[in-house]
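Trainee: final_1.cif (mmCIF, C-alpha atoms) pasted underneath:
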data_upload
loop_
_atom_site.label_atom_id
_atom_site.label_comp_id
_atom_site.auth_asym_id
_atom_site.auth_seq_id
_atom_site.Cartn_x
_atom_site.Cartn_y
_atom_site.Cartn_z
CA MET X 1 -4.32 29.94 21.39
CA LEU X 2 -2.35 26.67 21.64
CA ARG X 3 1.29 27.56 21.00
CA ASN X 4 2.77 24.14 21.71
CA PRO X 5 2.39 22.17 18.42
CA LEU X 6 2.27 18.82 20.23
CA ILE X 7 -0.59 19.99 22.44
CA ARG X 8 -2.40 21.28 19.38
CA ILE X 9 -2.00 17.95 17.53
CA TYR X 10 -3.28 15.96 20.49
CA SER X 11 -6.20 18.35 20.93
CA VAL X 12 -7.26 18.01 17.30
CA ALA X 13 -6.98 14.22 17.46
CA PHE X 14 -9.02 14.13 20.68
CA ALA X 15 -11.67 16.37 19.12
CA PHE X 16 -12.11 13.96 16.22
CA LEU X 17 -12.39 10.97 18.52
CA VAL X 18 -15.05 12.74 20.58
CA TYR X 19 -16.88 13.78 17.40
CA ALA X 20 -16.93 10.23 16.07
CA SER X 21 -18.05 8.72 19.36
CA THR X 22 -20.85 11.23 19.96
CA CYS X 23 -22.22 11.04 16.43
CA SER X 24 -22.17 7.28 15.83
CA ALA X 25 -20.45 4.36 17.48
CA GLU X 26 -20.09 2.68 14.10
CA VAL X 27 -18.29 5.52 12.26
CA ILE X 28 -14.60 6.07 12.89
CA VAL X 29 -12.98 9.28 11.67
CA SER X 30 -9.22 9.34 11.21
CA ASP X 31 -6.49 11.35 9.53
CA PHE X 32 -5.48 10.11 6.07
CA GLY X 33 -2.60 12.54 5.53
CA ASN X 34 -2.33 15.74 3.53
CA THR X 35 -2.50 16.67 -0.12
CA ALA X 36 0.61 18.02 -1.85
CA ASP X 37 -0.55 21.56 -1.03
CA GLY X 38 -0.97 20.69 2.65
CA THR X 39 -4.75 20.26 2.84
CA PRO X 40 -5.71 17.64 5.45
CA VAL X 41 -7.64 14.59 4.23
CA LYS X 42 -9.94 12.62 6.53
CA MET X 43 -11.11 9.02 6.28
CA PHE X 44 -14.53 7.87 7.46
CA LYS X 45 -14.97 4.17 8.20
CA LEU X 46 -18.53 2.80 8.33
CA THR X 47 -19.23 -0.66 9.76
CA ASN X 48 -22.56 -2.48 9.90
CA LYS X 49 -23.77 -5.39 12.06
CA ASN X 50 -22.40 -7.93 9.53
CA LYS X 51 -18.88 -6.44 9.84
CA THR X 52 -19.11 -5.12 6.30
CA THR X 53 -17.03 -1.95 6.18
CA VAL X 54 -16.74 0.99 3.81
CA GLU X 55 -13.90 3.52 3.94
CA ILE X 56 -14.38 6.91 2.28
CA ILE X 57 -11.76 9.66 2.11
CA SER X 58 -12.57 13.35 1.79
CA ARG X 59 -10.28 13.88 -1.21
CA GLY X 60 -12.66 13.37 -4.09
CA ALA X 61 -15.36 12.01 -1.71
CA THR X 62 -13.69 8.73 -2.67
CA ILE X 63 -14.61 5.15 -1.78
CA ARG X 64 -11.25 3.73 -0.71
CA SER X 65 -12.32 0.29 0.46
CA ILE X 66 -15.31 -2.06 0.75
CA GLN X 67 -14.72 -5.11 2.95
CA PHE X 68 -17.35 -7.80 2.38
CA ALA X 69 -17.45 -11.51 3.22
CA ASP X 70 -17.58 -14.20 0.56
CA ALA X 71 -20.11 -17.06 0.64
CA SER X 72 -17.98 -18.90 3.22
CA GLY X 73 -17.61 -15.86 5.48
CA LYS X 74 -14.07 -14.86 4.47
CA MET X 75 -13.61 -11.09 4.24
CA ALA X 76 -11.95 -9.32 1.32
CA ASP X 77 -11.63 -5.77 0.05
CA ILE X 78 -13.40 -5.61 -3.31
CA CYS X 79 -12.35 -2.09 -4.45
CA ASN X 80 -9.16 -0.65 -5.92
CA GLY X 81 -7.45 2.12 -3.98
CA PHE X 82 -4.25 3.43 -2.41
CA ASP X 83 -2.61 3.44 1.01
CA ASP X 84 -2.05 7.21 1.12
CA VAL X 85 -2.96 10.54 -0.44
CA ALA X 86 0.16 10.47 -2.60
CA GLY X 87 -1.19 7.41 -4.38
CA TYR X 88 -4.39 9.25 -5.27
CA GLU X 89 -2.36 12.23 -6.50
CA SER X 90 -0.08 10.06 -8.65
CA ASP X 91 -0.43 8.96 -12.25
CA ARG X 92 -1.25 5.46 -10.95
CA ASN X 93 -4.70 6.72 -10.06
CA GLN X 94 -7.34 6.26 -12.74
CA TYR X 95 -10.24 7.88 -10.87
CA PHE X 96 -10.30 5.01 -8.33
CA GLY X 97 -13.47 5.27 -6.25
CA CYS X 98 -13.94 9.00 -6.71
CA THR X 99 -16.97 11.22 -7.14
CA ALA X 100 -16.64 12.41 -10.75
CA GLY X 101 -17.93 15.84 -11.76
CA ARG X 102 -19.11 18.51 -12.30
CA VAL X 103 -19.86 16.45 -15.38
CA CYS X 104 -18.69 12.85 -15.39
CA ASN X 105 -17.71 10.97 -18.54
CA ARG X 106 -16.85 12.88 -21.72
CA ILE X 107 -17.75 16.23 -23.26
CA GLY X 108 -16.83 16.36 -26.94
CA GLY X 109 -14.45 19.08 -28.13
CA ALA X 110 -14.03 20.24 -24.51
CA GLN X 111 -16.81 22.77 -24.97
CA PHE X 112 -20.56 23.30 -25.06
CA GLU X 113 -23.05 26.06 -25.80
CA LEU X 114 -25.71 27.06 -23.30
CA ASN X 115 -28.13 29.97 -23.57
CA GLY X 116 -26.11 31.56 -26.36
CA THR X 117 -22.73 31.34 -24.61
CA THR X 118 -19.93 28.95 -25.53
CA TYR X 119 -18.10 27.50 -22.53
CA ARG X 120 -14.61 26.12 -23.08
CA LEU X 121 -13.27 23.46 -20.73
CA ALA X 122 -9.99 21.70 -20.04
CA ALA X 123 -9.10 19.17 -22.75
CA ASN X 124 -7.70 16.42 -20.53
CA ASP X 125 -8.61 13.47 -22.77
CA GLY X 126 -7.24 14.23 -26.21
CA ASN X 127 -9.52 16.90 -27.66
CA ASN X 128 -12.21 16.25 -25.07
CA THR X 129 -13.06 16.77 -21.40
CA LEU X 130 -13.17 13.70 -19.17
CA HIS X 131 -14.76 13.59 -15.70
CA GLY X 132 -14.89 17.33 -15.17
CA GLY X 133 -11.54 18.38 -16.59
CA GLY X 134 -8.43 19.65 -14.87
CA PRO X 135 -6.97 20.20 -11.38
CA ARG X 136 -10.24 21.37 -9.79
CA SER X 137 -12.47 18.56 -11.01
CA PHE X 138 -14.48 16.96 -8.21
CA ASP X 139 -12.21 13.92 -7.90
CA LYS X 140 -9.18 16.08 -7.01
CA VAL X 141 -10.60 18.52 -4.45
CA VAL X 142 -11.08 17.92 -0.73
CA TRP X 143 -14.73 17.80 0.33
CA ASP X 144 -16.12 18.63 3.75
CA GLY X 145 -17.27 15.43 5.48
CA VAL X 146 -19.67 15.10 8.41
CA ILE X 147 -21.47 12.21 10.10
CA VAL X 148 -25.25 12.47 9.71
CA GLU X 149 -27.66 11.13 12.28
CA GLY X 150 -31.19 9.96 11.48
CA ALA X 151 -30.67 9.73 7.73
CA LEU X 152 -32.69 6.52 7.38
CA PRO X 153 -36.46 6.10 7.82
CA GLU X 154 -37.66 4.83 11.19
CA GLY X 155 -37.16 1.09 11.53
CA GLN X 156 -34.06 1.00 9.31
CA SER X 157 -30.52 1.06 10.65
CA GLY X 158 -27.24 2.18 9.19
CA ASP X 159 -24.62 4.92 9.27
CA THR X 160 -24.35 7.94 7.01
CA VAL X 161 -21.56 10.32 6.03
CA LYS X 162 -22.21 13.41 3.93
CA PHE X 163 -19.57 15.17 1.83
CA SER X 164 -20.13 18.70 0.53
CA TYR X 165 -18.24 20.89 -1.93
CA PHE X 166 -18.78 24.43 -3.22
CA SER X 167 -17.66 24.90 -6.81
CA PRO X 168 -17.49 28.61 -7.69
CA ASP X 169 -18.69 30.11 -10.96
CA GLY X 170 -16.10 29.49 -13.68
CA GLU X 171 -14.30 26.64 -11.96
CA GLU X 172 -12.96 24.32 -14.67
CA GLY X 173 -14.84 26.53 -17.16
CA PHE X 174 -18.36 25.67 -15.95
CA PRO X 175 -20.91 28.42 -15.24
CA GLY X 176 -22.70 28.95 -11.94
CA ASN X 177 -21.92 28.73 -8.24
CA LEU X 178 -22.64 25.07 -7.57
CA HIS X 179 -23.29 23.59 -4.13
CA ALA X 180 -22.87 19.82 -4.41
CA SER X 181 -23.06 16.97 -1.94
CA VAL X 182 -22.91 13.20 -1.89
CA GLN X 183 -24.20 11.15 1.01
CA TYR X 184 -23.03 7.58 1.70
CA THR X 185 -25.17 5.29 3.85
CA LEU X 186 -24.13 1.74 4.78
CA THR X 187 -27.21 -0.21 5.85
CA ASP X 188 -27.42 -3.40 7.86
CA ASP X 189 -28.61 -5.32 4.79
CA ASP X 190 -25.21 -4.65 3.12
CA SER X 191 -26.41 -1.89 0.81
CA LEU X 192 -24.30 1.19 0.14
CA VAL X 193 -26.67 4.03 -0.75
CA LEU X 194 -25.25 7.02 -2.63
CA SER X 195 -27.42 10.15 -2.71
CA TYR X 196 -26.28 13.14 -4.77
CA ASP X 197 -27.63 16.70 -4.50
CA ALA X 198 -26.75 20.01 -6.13
CA THR X 199 -28.08 23.54 -6.59
CA THR X 200 -26.88 26.42 -8.77
CA ASP X 201 -27.50 30.13 -9.35
CA ILE X 202 -26.83 29.95 -13.11
CA ALA X 203 -27.90 27.23 -15.55
CA THR X 204 -25.11 24.65 -15.75
CA PRO X 205 -24.61 20.98 -16.68
CA VAL X 206 -24.38 18.55 -13.76
CA ASN X 207 -23.84 14.79 -14.04
CA LEU X 208 -22.36 13.05 -11.00
CA THR X 209 -21.30 9.44 -10.52
CA ASN X 210 -19.01 7.25 -8.48
CA HIS X 211 -16.02 5.65 -10.20
CA ALA X 212 -15.40 2.63 -7.93
CA TYR X 213 -13.37 -0.20 -9.46
CA PHE X 214 -14.78 -3.57 -8.36
CA ASN X 215 -13.28 -7.04 -8.27
CA LEU X 216 -15.59 -9.31 -6.29
CA SER X 217 -12.80 -11.84 -5.73
CA GLY X 218 -10.83 -9.11 -3.96
CA HIS X 219 -8.79 -6.19 -5.26
CA GLY X 220 -5.56 -7.23 -6.91
CA SER X 221 -6.67 -10.87 -7.27
CA GLY X 222 -6.47 -11.17 -11.06
CA THR X 223 -8.88 -10.29 -13.86
CA ILE X 224 -12.65 -9.89 -13.79
CA LEU X 225 -13.15 -11.78 -17.06
CA ASP X 226 -14.99 -14.66 -15.36
CA HIS X 227 -17.39 -12.35 -13.50
CA ILE X 228 -20.97 -12.79 -14.71
CA LEU X 229 -22.70 -9.54 -15.67
CA GLN X 230 -26.31 -8.72 -16.48
CA ILE X 231 -27.46 -5.25 -17.59
CA ASP X 232 -31.11 -4.38 -18.11
CA ALA X 233 -30.57 -2.30 -21.24
CA PRO X 234 -31.98 -2.82 -24.75
CA SER X 235 -29.72 -0.22 -26.40
CA PHE X 236 -26.55 1.84 -26.14
CA THR X 237 -25.05 5.07 -27.48
CA PRO X 238 -22.47 4.40 -30.24
CA THR X 239 -19.32 6.54 -30.21
CA ASP X 240 -16.71 7.84 -32.62
CA ASP X 241 -13.00 7.04 -32.47
CA GLU X 242 -12.56 9.44 -29.52
CA LEU X 243 -15.38 7.73 -27.56
CA ILE X 244 -17.73 10.69 -28.05
CA PRO X 245 -21.35 9.67 -28.73
CA THR X 246 -22.53 10.16 -32.30
CA GLY X 247 -26.03 11.02 -31.08
CA GLU X 248 -27.51 7.72 -32.22
CA ILE X 249 -29.18 5.17 -29.96
CA GLN X 250 -28.59 1.63 -31.22
CA SER X 251 -30.04 -1.74 -30.23
CA VAL X 252 -27.75 -4.20 -28.45
CA ASP X 253 -29.27 -7.06 -30.48
CA GLY X 254 -26.57 -9.21 -32.06
CA THR X 255 -23.72 -7.22 -30.52
CA ALA X 256 -21.13 -7.90 -27.83
CA LEU X 257 -22.99 -5.32 -25.73
CA ASP X 258 -26.03 -7.50 -25.17
CA PHE X 259 -25.92 -8.32 -21.47
CA ARG X 260 -29.65 -8.76 -21.00
CA GLN X 261 -28.91 -12.35 -20.03
CA PRO X 262 -26.15 -13.15 -17.49
CA THR X 263 -22.92 -13.37 -19.47
CA ALA X 264 -19.26 -13.82 -18.56
CA ILE X 265 -17.44 -10.54 -19.22
CA GLY X 266 -14.67 -12.31 -21.11
CA LYS X 267 -17.00 -14.27 -23.40
CA ARG X 268 -17.36 -11.64 -26.13
CA LEU X 269 -14.76 -9.11 -25.08
CA SER X 270 -12.54 -9.90 -28.08
CA GLU X 271 -15.25 -8.38 -30.30
CA VAL X 272 -14.66 -4.94 -28.77
CA ALA X 273 -11.00 -5.23 -27.74
CA ASP X 274 -9.71 -3.87 -31.06
CA THR X 275 -12.04 -0.88 -31.12
CA ALA X 276 -11.26 2.62 -29.86
CA ALA X 277 -12.68 1.62 -26.47
CA LYS X 278 -10.09 -1.21 -26.11
CA GLY X 279 -12.79 -3.32 -24.48
CA TYR X 280 -16.04 -2.37 -22.79
CA ASP X 281 -16.27 1.37 -22.18
CA HIS X 282 -19.80 2.14 -23.35
CA ASN X 283 -22.95 3.83 -22.15
CA TRP X 284 -25.98 1.54 -21.93
CA VAL X 285 -29.45 3.07 -22.30
CA LEU X 286 -31.34 1.53 -19.41
CA SER X 287 -34.85 0.12 -19.38
CA SER X 288 -37.65 1.94 -17.54
CA GLY X 289 -35.82 5.23 -17.38
CA ASP X 290 -38.80 6.97 -15.77
CA GLY X 291 -36.94 8.36 -12.79
CA SER X 292 -37.75 5.49 -10.45
CA ILE X 293 -35.10 3.56 -8.54
CA ARG X 294 -34.90 0.06 -10.00
CA LYS X 295 -32.35 -2.73 -10.36
CA ILE X 296 -30.41 -2.21 -13.58
CA ALA X 297 -27.38 -4.50 -13.25
CA ARG X 298 -26.16 -7.60 -11.45
CA LEU X 299 -22.56 -8.78 -11.11
CA HIS X 300 -21.67 -12.25 -9.80
CA ASP X 301 -18.28 -13.74 -9.05
CA PRO X 302 -18.56 -17.56 -9.21
CA LYS X 303 -15.30 -18.03 -7.28
CA SER X 304 -16.28 -16.12 -4.15
CA GLY X 305 -20.05 -16.27 -4.45
CA ARG X 306 -20.23 -12.49 -3.98
CA VAL X 307 -22.99 -10.62 -5.81
CA LEU X 308 -23.22 -6.89 -6.50
CA GLU X 309 -26.55 -5.48 -7.63
CA VAL X 310 -26.83 -1.90 -8.90
CA LEU X 311 -30.03 0.08 -8.43
CA THR X 312 -30.52 3.64 -9.68
CA ASP X 313 -32.92 6.29 -10.94
CA GLN X 314 -30.50 7.29 -13.72
CA PRO X 315 -31.09 6.68 -17.47
CA GLY X 316 -27.59 5.41 -18.29
CA LEU X 317 -24.86 3.04 -17.11
CA GLN X 318 -21.23 3.21 -18.17
CA PHE X 319 -19.64 -0.23 -17.93
CA TYR X 320 -15.85 -0.06 -18.11
CA SER X 321 -13.79 -3.26 -18.11
CA GLY X 322 -10.50 -1.89 -16.74
CA ASN X 323 -8.96 -1.60 -20.20
CA PHE X 324 -6.19 0.77 -19.14
CA LEU X 325 -5.15 -0.82 -15.86
CA TYR X 326 -1.51 -1.69 -16.46
CA GLY X 327 -0.17 -3.41 -13.37
CA GLN X 328 0.22 -0.33 -11.18
CA ALA X 329 0.84 -0.73 -7.47
CA GLY X 330 -2.27 -0.31 -5.32
CA LYS X 331 -3.01 -0.55 -1.59
CA ASP X 332 -1.91 -3.44 0.61
CA GLY X 333 0.96 -4.29 -1.76
CA LYS X 334 -1.47 -5.41 -4.47
CA THR X 335 -0.98 -5.04 -8.22
CA TYR X 336 -3.84 -3.99 -10.50
CA VAL X 337 -3.46 -5.98 -13.70
CA HIS X 338 -5.03 -5.25 -17.07
CA ARG X 339 -8.79 -5.88 -16.73
CA GLY X 340 -8.27 -6.52 -13.02
CA ALA X 341 -11.37 -4.52 -12.01
CA LEU X 342 -14.47 -2.98 -13.56
CA CYS X 343 -16.67 0.08 -13.13
CA LEU X 344 -20.46 0.33 -13.20
CA GLU X 345 -21.11 4.08 -13.32
CA THR X 346 -24.72 5.24 -13.11
CA GLN X 347 -25.25 8.55 -14.89
CA HIS X 348 -26.86 10.56 -17.64
CA PHE X 349 -25.43 9.92 -21.11
CA PRO X 350 -21.92 11.09 -22.06
CA ASP X 351 -21.80 14.42 -23.94
CA SER X 352 -25.49 15.00 -23.24
CA VAL X 353 -24.89 18.74 -23.19
CA ASN X 354 -24.11 18.57 -26.94
CA HIS X 355 -27.02 16.29 -27.95
CA ASP X 356 -30.56 17.62 -27.72
CA ASN X 357 -32.02 14.10 -28.10
CA PHE X 358 -30.27 12.84 -24.95
CA PRO X 359 -31.71 13.29 -21.44
CA SER X 360 -30.79 16.79 -20.32
CA THR X 361 -28.04 17.37 -17.76
CA ILE X 362 -28.84 21.09 -17.35
CA LEU X 363 -29.59 22.20 -13.81
CA GLU X 364 -31.55 25.46 -13.63
CA PRO X 365 -31.53 27.99 -10.78
CA GLY X 366 -34.28 27.24 -8.27
CA LYS X 367 -34.22 23.54 -9.15
CA LYS X 368 -32.52 20.75 -7.23
CA TYR X 369 -30.38 18.01 -8.71
CA HIS X 370 -31.04 14.79 -6.81
CA THR X 371 -30.17 11.23 -7.79
CA THR X 372 -29.74 7.95 -5.93
CA THR X 373 -27.66 4.86 -6.65
CA ILE X 374 -27.51 1.73 -4.50
CA TYR X 375 -24.76 -0.89 -4.51
CA ARG X 376 -26.37 -3.94 -2.86
CA LEU X 377 -24.10 -6.80 -1.79
CA SER X 378 -25.16 -10.40 -1.24
CA HIS X 379 -24.17 -13.99 -2.04
CA GLN X 380 -25.01 -16.72 -4.51
CA LYS X 381 -24.00 -20.18 -3.37
#
Could you write out this structure as structure tokens?

Mentor:
Amino acid sequence: MLRNPLIRIYSVAFAFLVYASTCSAEVIVSDFGNTADGTPVKMFKLTNKNKTTVEIISRGATIRSIQFADASGKMADICNGFDDVAGYESDRNQYFGCTAGRVCNRIGGAQFELNGTTYRLAANDGNNTLHGGGPRSFDKVVWDGVIVEGALPEGQSGDTVKFSYFSPDGEEGFPGNLHASVQYTLTDDDSLVLSYDATTDIATPVNLTNHAYFNLSGHGSGTILDHILQIDAPSFTPTDDELIPTGEIQSVDGTALDFRQPTAIGKRLSEVADTAAKGYDHNWVLSSGDGSIRKIARLHDPKSGRVLEVLTDQPGLQFYSGNFLYGQAGKDGKTYVHRGALCLETQHFPDSVNHDNFPSTILEPGKKYHTTTIYRLSHQK
């Protein structure tokens, strides 16, 4: 046993350096501080041959940073985040970059019925549950992170980090012992691949997503209103005044939600700014929702030339236009102004557990939850 605390600290630090170097030369593991209850948080930094980097912290399996060059080769960080754990634990954090679950988005009335039992959840969004509920929702817990070798098929190169979390039966009111994981792979073609897996011993709803806030001009660089967005979706799920789906599926024809052609985000935003959503905060029903991975959205920043394409096997996409960013202080001394970043969250529909006509989010024992989302970066001159 090491009784000298300084020796112990140096030994732990050395062990992490050895671990990183033996697993992958392109993944750096470092300490990111401790949570308020003293739990250590680690940061994993992935770098590809183009010098694109992704930083992910173990609290919330959270994307902290994505550094990507613009069309002229100038690097910038395109994701909101914080400099320390305290920032993520503060009220300045609006789910920046986290893995949201067990069930992302909203569950109406903070409850659902499954197999004859009513399950009551934390009401952390008015009368409803948002992104898994209270203090043990997936964004707030510390996941176990490891570097994974050989995650890509032969002939492809990139680095992978896998985060795992065990959520016991009854945590945040949900049934079943759930083993969940999310794997991040940064490839040499500037794609960030997110693979989610989960198993359970009791039927339970599962709907996982990442809540990264993007500004392709660079985080804290102003609004995203001039970003050009295209979403391959012919319809959406209307909501009530608490942003809970009514159960209908409505065409985007003639609405401000029609992004089937590339459209500046600010062009029609005034048409939804005075609604309960305060802007765009809707679930789009995606085309070709047959379980295949396909491109469903494209975001372009004319100023930097950066392009973000979103590919997924999921049936829905929540586009959120940063309506409740209020000028809070973020990392690197930056300020996150109103509509200063946006989210493109791939997922099943909100409140699916309470709507039989929506794609089911119920994971049964003996079955495996598996979904994939790809954020693919490039340039348009």

Trainee: Within 10 Å of stretch 243-251 of chain X, counting all atoms listed in the file, which residues show up once you throw out same-chain ones fewer than 3 positions away? Write them as a PyMOL selection string, please.

Mentor: chain X and resi 105-109+128+233-240+254-255+257-258+275-277+281-285+349-352+354-358

Trainee: Quick one: distance from atom CA of X:Gly279 to atom CA of X:Tyr320 in Å, one decimal?

Mentor: 7.8 Å

Trainee: Which is closer to X:Ser321 than all the others in X:Thr223, X:Thr204, X:Thr209, X:Ser72, using all atoms listed in the file?

Mentor: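 Closest to X:Ser321, using all atoms listed in the file: X:Thr223.
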
Trainee: Convert the output of the PyMOL selection byres ((chain X and resi 54-69) around 6) on the shown file into explicit residues, formatted as number ranges by chain.

Mentor: X: 41-46, 52-53, 70, 73-79, 81, 97-99, 138-143

Trainee: May I have the residues at most 8 Å from (0.8, 0.6, -14.8) in the file's coordinates, counting only C-alpha atoms, as a PDB file with C-alpha atoms, keeping the file's coordinate frame?

Mentor:
ATOM      1  CA  ARG X  92      -1.250   5.460 -10.950  1.00  0.00           C
ATOM      2  CA  LEU X 325      -5.150  -0.820 -15.860  1.00  0.00           C
ATOM      3  CA  TYR X 326      -1.510  -1.690 -16.460  1.00  0.00           C
ATOM      4  CA  GLY X 327      -0.170  -3.410 -13.370  1.00  0.00           C
ATOM      5  CA  GLN X 328       0.220  -0.330 -11.180  1.00  0.00           C
ATOM      6  CA  ALA X 329       0.840  -0.730  -7.470  1.00  0.00           C
ATOM      7  CA  TYR X 336      -3.840  -3.990 -10.500  1.00  0.00           C
ATOM      8  CA  VAL X 337      -3.460  -5.980 -13.700  1.00  0.00           C
TER       9      VAL X 337
END

Trainee: Just how far from atom CA of X:Gly340 is atom CA of X:Ala71, in Å to one decimal?

Mentor: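 If I compute the distance from atom CA of X:Ala71 to atom CA of X:Gly340, I get 20.9 Å.
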
Trainee: Can you list what the PyMOL selection byres ((chain X and resi 310) around 12) grabs from this structure, as a compact mmCIF listing (two decimals) with C-alpha atoms, in the frame of the given file?

Mentor:
# COMPACT_ATOMS: atom_id res chain seq x y z
CA SER X 191 -26.41 -1.89 0.81
CA LEU X 192 -24.30 1.19 0.14
CA VAL X 193 -26.67 4.03 -0.75
CA LEU X 194 -25.25 7.02 -2.63
CA LEU X 229 -22.70 -9.54 -15.67
CA GLN X 230 -26.31 -8.72 -16.48
CA ILE X 231 -27.46 -5.25 -17.59
CA ASP X 232 -31.11 -4.38 -18.11
CA LEU X 286 -31.34 1.53 -19.41
CA ILE X 293 -35.10 3.56 -8.54
CA ARG X 294 -34.90 0.06 -10.00
CA LYS X 295 -32.35 -2.73 -10.36
CA ILE X 296 -30.41 -2.21 -13.58
CA ALA X 297 -27.38 -4.50 -13.25
CA ARG X 298 -26.16 -7.60 -11.45
CA LEU X 299 -22.56 -8.78 -11.11
CA HIS X 300 -21.67 -12.25 -9.80
CA VAL X 307 -22.99 -10.62 -5.81
CA LEU X 308 -23.22 -6.89 -6.50
CA GLU X 309 -26.55 -5.48 -7.63
CA LEU X 311 -30.03 0.08 -8.43
CA THR X 312 -30.52 3.64 -9.68
CA ASP X 313 -32.92 6.29 -10.94
CA GLN X 314 -30.50 7.29 -13.72
CA GLY X 316 -27.59 5.41 -18.29
CA LEU X 317 -24.86 3.04 -17.11
CA GLN X 318 -21.23 3.21 -18.17
CA PHE X 319 -19.64 -0.23 -17.93
CA CYS X 343 -16.67 0.08 -13.13
CA LEU X 344 -20.46 0.33 -13.20
CA GLU X 345 -21.11 4.08 -13.32
CA THR X 346 -24.72 5.24 -13.11
CA THR X 372 -29.74 7.95 -5.93
CA THR X 373 -27.66 4.86 -6.65
CA ILE X 374 -27.51 1.73 -4.50
CA TYR X 375 -24.76 -0.89 -4.51
CA ARG X 376 -26.37 -3.94 -2.86
CA LEU X 377 -24.10 -6.80 -1.79
CA SER X 378 -25.16 -10.40 -1.24

Trainee: Calculate how many Å separate atom CA of X:Gly289 from atom CA of X:Leu342, rounding to one decimal.

Mentor: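 About the pair atom CA of X:Gly289 and atom CA of X:Leu342: they are 23.2 Å apart.
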
Trainee: Could you tell me which of X:Asn210, X:Ser157, X:Thr335, X:Ser164 comes closest to X:Gly222 if we count only C-alpha atoms?

Mentor: X:Thr335

Trainee: Contacts of X:Lys278 at 12 Å or less, counting all atoms listed in the file, minus same-chain residues fewer than 4 places along, as a list of chain:residue names?

Mentor: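 Skipping anything fewer than 4 positions along the chain leaves X:Asp241, X:Glu242, X:Leu243, X:Leu269, X:Ser270, X:Glu271, X:Val272, X:Ala273, X:Asp274, X:His282, X:Tyr320, X:Ser321, X:Gly322, X:Asn323, X:Phe324, X:Leu325, X:His338, X:Arg339.
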